[in-house]
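Text of coords_33.csv (CSV, C-alpha atoms) as supplied:
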chain,number,residue,atom,x,y,z
A,1,MET,CA,29.6,1.7,0.6
A,2,THR,CA,26.7,-0.2,-0.9
A,3,GLU,CA,25.8,-1.0,-4.4
A,4,ASP,CA,22.4,-0.2,-6.0
A,5,TYR,CA,20.8,0.2,-9.4
A,6,PHE,CA,20.3,3.6,-11.1
A,7,GLU,CA,19.3,4.7,-14.5
A,8,GLY,CA,22.2,4.1,-16.8
A,9,GLY,CA,23.5,1.1,-14.9
A,10,ARG,CA,25.0,0.3,-11.6
A,11,ARG,CA,27.2,2.5,-9.4
A,12,ASP,CA,28.4,2.7,-5.9
A,13,VAL,CA,26.2,4.8,-3.6
A,14,ASP,CA,26.8,6.0,0.0
A,15,GLU,CA,24.8,5.3,3.1
A,16,ASN,CA,22.6,8.4,2.5
A,17,ASP,CA,21.4,7.3,-0.9
A,18,PHE,CA,18.2,5.4,-1.5
A,19,PHE,CA,16.9,4.2,-4.8
A,20,VAL,CA,13.1,4.4,-5.4
A,21,PHE,CA,12.0,1.6,-7.6
A,22,LYS,CA,9.3,3.7,-9.4
A,23,TYR,CA,9.0,5.5,-12.7
A,24,ARG,CA,9.5,9.3,-12.5
A,25,SER,CA,5.8,9.7,-13.5
A,26,GLU,CA,4.8,7.6,-10.4
A,27,ILE,CA,7.0,9.7,-8.1
A,28,ASP,CA,5.4,12.9,-9.6
A,29,GLU,CA,1.9,11.4,-8.9
A,30,TYR,CA,2.9,10.7,-5.3
A,31,ALA,CA,4.2,14.2,-4.9
A,32,GLU,CA,0.8,15.6,-6.1
A,33,LEU,CA,-1.1,13.1,-3.9
A,34,PHE,CA,0.9,14.2,-0.8
A,35,ARG,CA,0.5,17.9,-1.6
A,36,ARG,CA,-3.3,17.4,-1.8
A,37,LEU,CA,-3.8,14.8,1.0
A,38,LYS,CA,-1.2,16.0,3.5
A,39,PRO,CA,-1.2,12.6,5.2
A,40,GLU,CA,-0.1,12.5,8.8
A,41,ARG,CA,-0.5,8.8,9.4
A,42,ILE,CA,0.9,6.5,6.7
A,43,PHE,CA,0.9,2.7,6.6
A,44,GLU,CA,3.2,1.2,3.9
A,45,LEU,CA,3.2,-2.5,3.0
A,46,GLY,CA,6.4,-3.6,1.3
A,47,VAL,CA,9.8,-2.2,2.2
A,48,HIS,CA,12.3,-3.6,-0.3
A,49,ARG,CA,15.3,-1.3,0.0
A,50,GLY,CA,13.5,1.4,1.9
A,51,GLY,CA,13.5,4.1,-0.8
A,52,SER,CA,9.8,4.7,-0.9
A,53,ALA,CA,9.6,4.9,2.9
A,54,ILE,CA,12.2,7.7,2.9
A,55,LEU,CA,10.5,9.3,-0.1
A,56,PHE,CA,7.1,9.3,1.8
A,57,ALA,CA,8.7,10.5,5.0
A,58,GLU,CA,10.4,13.5,3.2
A,59,LEU,CA,7.3,14.4,1.2
A,60,ALA,CA,4.8,14.2,4.1
A,61,ARG,CA,6.9,14.8,7.3
A,62,PRO,CA,4.2,12.7,9.0
A,63,ARG,CA,3.3,12.2,12.6
A,64,LYS,CA,3.8,8.4,12.0
A,65,LEU,CA,4.9,6.2,9.1
A,66,VAL,CA,5.0,2.5,9.6
A,67,SER,CA,6.5,0.2,6.9
A,68,ILE,CA,6.1,-3.5,7.1
A,69,ASP,CA,7.7,-6.4,5.2
A,70,LEU,CA,7.6,-10.2,5.3
A,71,GLU,CA,11.3,-10.5,4.7
A,72,SER,CA,14.0,-10.1,7.3
A,73,LEU,CA,15.8,-6.9,6.2
A,74,PRO,CA,17.6,-5.6,9.3
A,75,GLN,CA,20.2,-3.6,7.3
A,76,VAL,CA,17.4,-1.9,5.4
A,77,ARG,CA,15.5,-1.1,8.6
A,78,GLU,CA,18.7,0.3,10.2
A,79,ARG,CA,19.4,2.5,7.1
A,80,VAL,CA,15.8,3.8,7.0
A,81,GLU,CA,15.5,4.6,10.6
A,82,ARG,CA,19.0,6.2,10.7
A,83,ARG,CA,18.1,8.4,7.7
A,84,ALA,CA,14.7,9.3,9.3
A,85,ALA,CA,16.6,10.4,12.5
A,86,ALA,CA,18.9,12.5,10.4
A,87,ILE,CA,16.0,14.4,8.9
A,88,GLY,CA,14.3,14.9,12.2
A,89,LEU,CA,11.8,12.1,11.9
A,90,GLY,CA,13.4,9.5,14.2
A,91,ASP,CA,10.3,9.1,16.3
A,92,ALA,CA,7.9,9.2,13.3
A,93,VAL,CA,9.3,6.4,11.1
A,94,LYS,CA,9.2,2.7,12.0
A,95,VAL,CA,10.1,-0.4,10.0
A,96,LEU,CA,8.5,-3.7,11.2
A,97,LEU,CA,9.9,-6.9,9.7
A,98,GLY,CA,8.6,-10.5,9.5
A,99,VAL,CA,5.0,-9.2,9.1
A,100,ASP,CA,2.8,-11.2,6.7
A,101,GLN,CA,0.4,-8.8,5.0
A,102,SER,CA,-2.3,-11.4,5.1
A,103,ASP,CA,-2.2,-11.6,8.9
A,104,ARG,CA,-5.1,-9.5,9.7
A,105,LYS,CA,-4.7,-9.9,13.5
A,106,GLU,CA,-1.2,-8.5,13.3
A,107,LEU,CA,-2.2,-5.7,11.0
A,108,ALA,CA,-4.9,-4.7,13.4
A,109,ARG,CA,-2.5,-4.8,16.3
A,110,ILE,CA,-0.1,-2.5,14.4
A,111,ALA,CA,-2.8,-0.1,13.4
A,112,GLU,CA,-4.1,0.1,17.0
A,113,GLU,CA,-0.7,0.3,18.8
A,114,GLU,CA,1.5,2.2,16.4
A,115,PHE,CA,-1.2,4.8,15.4
A,116,ASP,CA,-2.9,4.9,18.8
A,117,ASP,CA,-6.0,3.5,17.0
A,118,VAL,CA,-6.4,6.8,15.2
A,119,GLU,CA,-7.8,6.7,11.6
A,120,LEU,CA,-5.2,6.4,8.8
A,121,ASP,CA,-4.7,9.0,6.1
A,122,LEU,CA,-2.9,6.8,3.6
A,123,VAL,CA,-2.1,3.2,2.9
A,124,VAL,CA,0.3,2.1,0.2
A,125,ASP,CA,0.4,-1.6,-0.8
A,126,ASP,CA,3.5,-2.4,-2.8
A,127,CYS,CA,3.9,-5.8,-1.2
A,128,SER,CA,3.2,-9.2,-2.6
A,129,HIS,CA,1.1,-8.2,-5.6
A,130,LEU,CA,-0.9,-11.4,-5.1
A,131,TYR,CA,-4.7,-11.4,-4.9
A,132,ALA,CA,-5.3,-13.3,-1.6
A,133,PRO,CA,-2.9,-11.5,0.7
A,134,THR,CA,-3.6,-8.1,-0.8
A,135,LEU,CA,-7.3,-8.8,-0.2
A,136,GLN,CA,-6.7,-9.5,3.4
A,137,SER,CA,-4.7,-6.3,3.9
A,138,PHE,CA,-7.4,-4.3,2.1
A,139,ASN,CA,-10.2,-5.8,4.2
A,140,GLU,CA,-8.4,-4.9,7.4
A,141,LEU,CA,-6.9,-1.5,6.6
A,142,PHE,CA,-9.4,0.2,4.3
A,143,PRO,CA,-12.0,0.5,7.0
A,144,ARG,CA,-9.3,2.1,9.2
A,145,LEU,CA,-8.9,5.0,6.8
A,146,ARG,CA,-10.6,8.3,7.5
A,147,ALA,CA,-13.2,9.6,5.1
A,148,GLY,CA,-11.2,11.1,2.3
A,149,GLY,CA,-8.1,9.0,3.1
A,150,VAL,CA,-6.5,7.1,0.2
A,151,TYR,CA,-5.6,3.4,-0.3
A,152,VAL,CA,-3.1,2.8,-3.1
A,153,ILE,CA,-2.5,-0.7,-4.6
A,154,GLU,CA,0.6,-0.7,-6.9
A,155,ASP,CA,1.4,-3.0,-9.8
A,156,TRP,CA,-2.2,-4.4,-10.2
A,157,ARG,CA,-1.7,-5.4,-13.8
A,158,TRP,CA,1.6,-7.4,-13.6
A,159,GLY,CA,-0.3,-10.7,-14.1
A,160,HIS,CA,-1.4,-9.4,-17.6
A,161,TYR,CA,2.0,-8.4,-19.0
A,162,PRO,CA,3.2,-10.2,-22.1
A,163,LEU,CA,5.6,-12.8,-20.7
A,164,ASP,CA,7.3,-15.9,-21.9
A,165,GLN,CA,6.2,-19.3,-20.6
A,166,GLU,CA,8.8,-19.5,-17.8
A,167,GLU,CA,7.8,-16.1,-16.5
A,168,ARG,CA,4.1,-17.0,-16.7
A,169,ASP,CA,4.6,-20.0,-14.5
A,170,TRP,CA,5.0,-17.4,-11.6
A,171,ILE,CA,1.6,-15.9,-12.3
A,172,PRO,CA,-1.1,-17.1,-9.8
A,173,GLU,CA,-4.4,-18.5,-10.9
A,174,ILE,CA,-6.2,-15.5,-9.6
A,175,THR,CA,-4.5,-12.2,-10.5
A,176,LEU,CA,-4.5,-9.0,-8.5
A,177,SER,CA,-6.7,-7.3,-11.0
A,178,ARG,CA,-9.6,-9.3,-9.7
A,179,LEU,CA,-9.4,-7.3,-6.5
A,180,ILE,CA,-9.6,-4.0,-8.4
A,181,VAL,CA,-12.8,-5.2,-10.1
A,182,GLU,CA,-14.3,-6.3,-6.7
A,183,ILE,CA,-13.6,-2.9,-5.2
A,184,VAL,CA,-15.5,-1.2,-8.0
A,185,LEU,CA,-18.4,-3.7,-7.7
A,186,ALA,CA,-18.6,-3.4,-4.0
A,187,GLY,CA,-19.2,0.3,-4.4
A,188,ALA,CA,-22.2,-0.5,-6.5
A,189,THR,CA,-23.5,-2.9,-3.8
A,190,LEU,CA,-22.9,-0.5,-0.9
A,191,PRO,CA,-22.6,3.1,-2.2
A,192,GLY,CA,-20.3,5.3,-0.1
A,193,ILE,CA,-17.6,2.8,0.5
A,194,ALA,CA,-15.4,4.8,-1.9
A,195,SER,CA,-15.9,8.3,-3.2
A,196,GLU,CA,-13.5,7.8,-6.0
A,197,THR,CA,-11.5,4.9,-7.6
A,198,VAL,CA,-8.8,5.9,-10.1
A,199,VAL,CA,-7.2,3.1,-12.1
A,200,GLY,CA,-3.8,4.0,-13.6
A,201,LEU,CA,-1.3,2.0,-15.5
A,202,ASN,CA,0.9,1.4,-12.5
A,203,GLY,CA,-1.5,1.6,-9.6
A,204,VAL,CA,-5.0,2.1,-8.3
A,205,SER,CA,-6.0,4.7,-5.7
A,206,VAL,CA,-9.2,4.3,-3.8
A,207,THR,CA,-10.5,7.3,-1.8
A,208,ARG,CA,-12.4,6.3,1.3
A,209,GLY,CA,-16.1,7.3,1.4
A,210,ASP,CA,-18.1,8.2,4.5
A,211,THR,CA,-20.0,4.9,4.9
A,212,PRO,CA,-19.1,3.4,8.3
A,213,LEU,CA,-17.1,0.1,7.9
A,214,ASP,CA,-16.2,-2.4,10.6
A,215,PRO,CA,-12.8,-4.0,10.0
A,216,ASN,CA,-14.0,-7.0,12.0
A,217,THR,CA,-16.7,-7.8,9.4
A,218,PHE,CA,-15.7,-5.9,6.2
A,219,ASP,CA,-15.1,-8.2,3.2
A,220,VAL,CA,-14.9,-6.4,-0.1
A,221,SER,CA,-15.0,-9.7,-2.1
A,222,LYS,CA,-18.3,-10.8,-0.5
A,223,LEU,CA,-19.8,-7.4,-1.2
A,224,ALA,CA,-18.7,-7.5,-4.8
A,225,HIS,CA,-20.3,-10.9,-5.3
A,226,THR,CA,-23.6,-10.2,-3.4
A,227,ASP,CA,-26.6,-11.3,-5.4
A,228,VAL,CA,-28.6,-8.1,-5.7
A,229,SER,CA,-31.0,-9.4,-8.4
A,230,ARG,CA,-34.7,-9.0,-7.7
A,231,PRO,CA,-37.5,-11.4,-8.9
A,232,ALA,CA,-39.3,-10.3,-12.0
A,233,GLY,CA,-42.6,-8.6,-11.5

Output the structure of this file as structure tokens.
Amino acid sequence: MTEDYFEGGRRDVDENDFFVFKYRSEIDEYAELFRRLKPERIFELGVHRGGSAILFAELARPRKLVSIDLESLPQVRERVERRAAAIGLGDAVKVLLGVDQSDRKELARIAEEEFDDVELDLVVDDCSHLYAPTLQSFNELFPRLRAGGVYVIEDWRWGHYPLDQEERDWIPEITLSRLIVEIVLAGATLPGIASETVVGLNGVSVTRGDTPLDPNTFDVSKLAHTDVSRPAG
């Protein structure tokens, strides 16, 4: 038996139960996204207790879902992969631990080896919620999405919540919201990067446009801050 959190407090759960740390409205939004997108190749950043990995697996029944985390979570990995096998997705779901989301070389290796270098359908970043590492992940993985694929960044506004001073000490100097602004501005500099960017209260979804992007050179921050001014006259 394991112990987990549920609405209404704590209770014991069995090995087949997974808690998804999301509001019901977020889960409904994912269900609609999966119905529309029908993703076959999913890259998830941030494992926690594995609930979202199993949710995504059951919603999509994908060809491949890879979830990464910086932490060492062997029991979580075992539970996720055991559950995936039980629902007939044993070969499709993989959890990789000790992976830093800012390590672009490792992210590239995973994308090329685990997905056979085929374009991704969906990337979900529910990992550090910090600007710098999230930027590195976006720069590496967004160009690897197919046109029409979706990149989700969760909890973009946590640095702006009303917090007490002790809590605010944890907020970095540059909040994750800066990346969201840069994504929008980059689309103005280079139209076609994204066909749609939807900013919600809990997350942002960026739909990949058809402009060719090279993950070796793509940098959304530089694009956002490009000087596009022209001399007068």

Nearest-residue call for Val80 of chain A, choices A:Lys64, A:Arg49, A:Lys38, A:Arg146, using all atoms listed in the file: A:Arg49

Skip segment 81-90 of chain A itself and residues of its chain fewer than 5 positions away, then list as a ChimeraX atom specification all residues within 8 Å of it, counting only C-alpha atoms. /A:16,54,57,61,95

Excluding same-chain residues fewer than 2 positions from Leu37 of chain A, what lies within 10 Å of it counting all atoms listed in the file, as a PyMOL selection string? chain A and resi 31-35+39-40+60+121-122+148-150

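Here the question is which of A:Asp210, A:Asp103, A:Glu182, A:Glu173 gets nearest to Pro133 of chain A using only C-alpha atoms, and that residue is A:Asp103.
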
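For Val220 of chain A, the residues within 7 Å (counting all atoms listed in the file, excluding itself and residues fewer than 4 positions away along the chain) are Asn139, Glu182, Ile183, Ala186 and Ala224 of chain A.
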
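Of note, atom CA of Gln101 of chain A and atom CA of Gly46 of chain A are spaced 8.8 Å apart.
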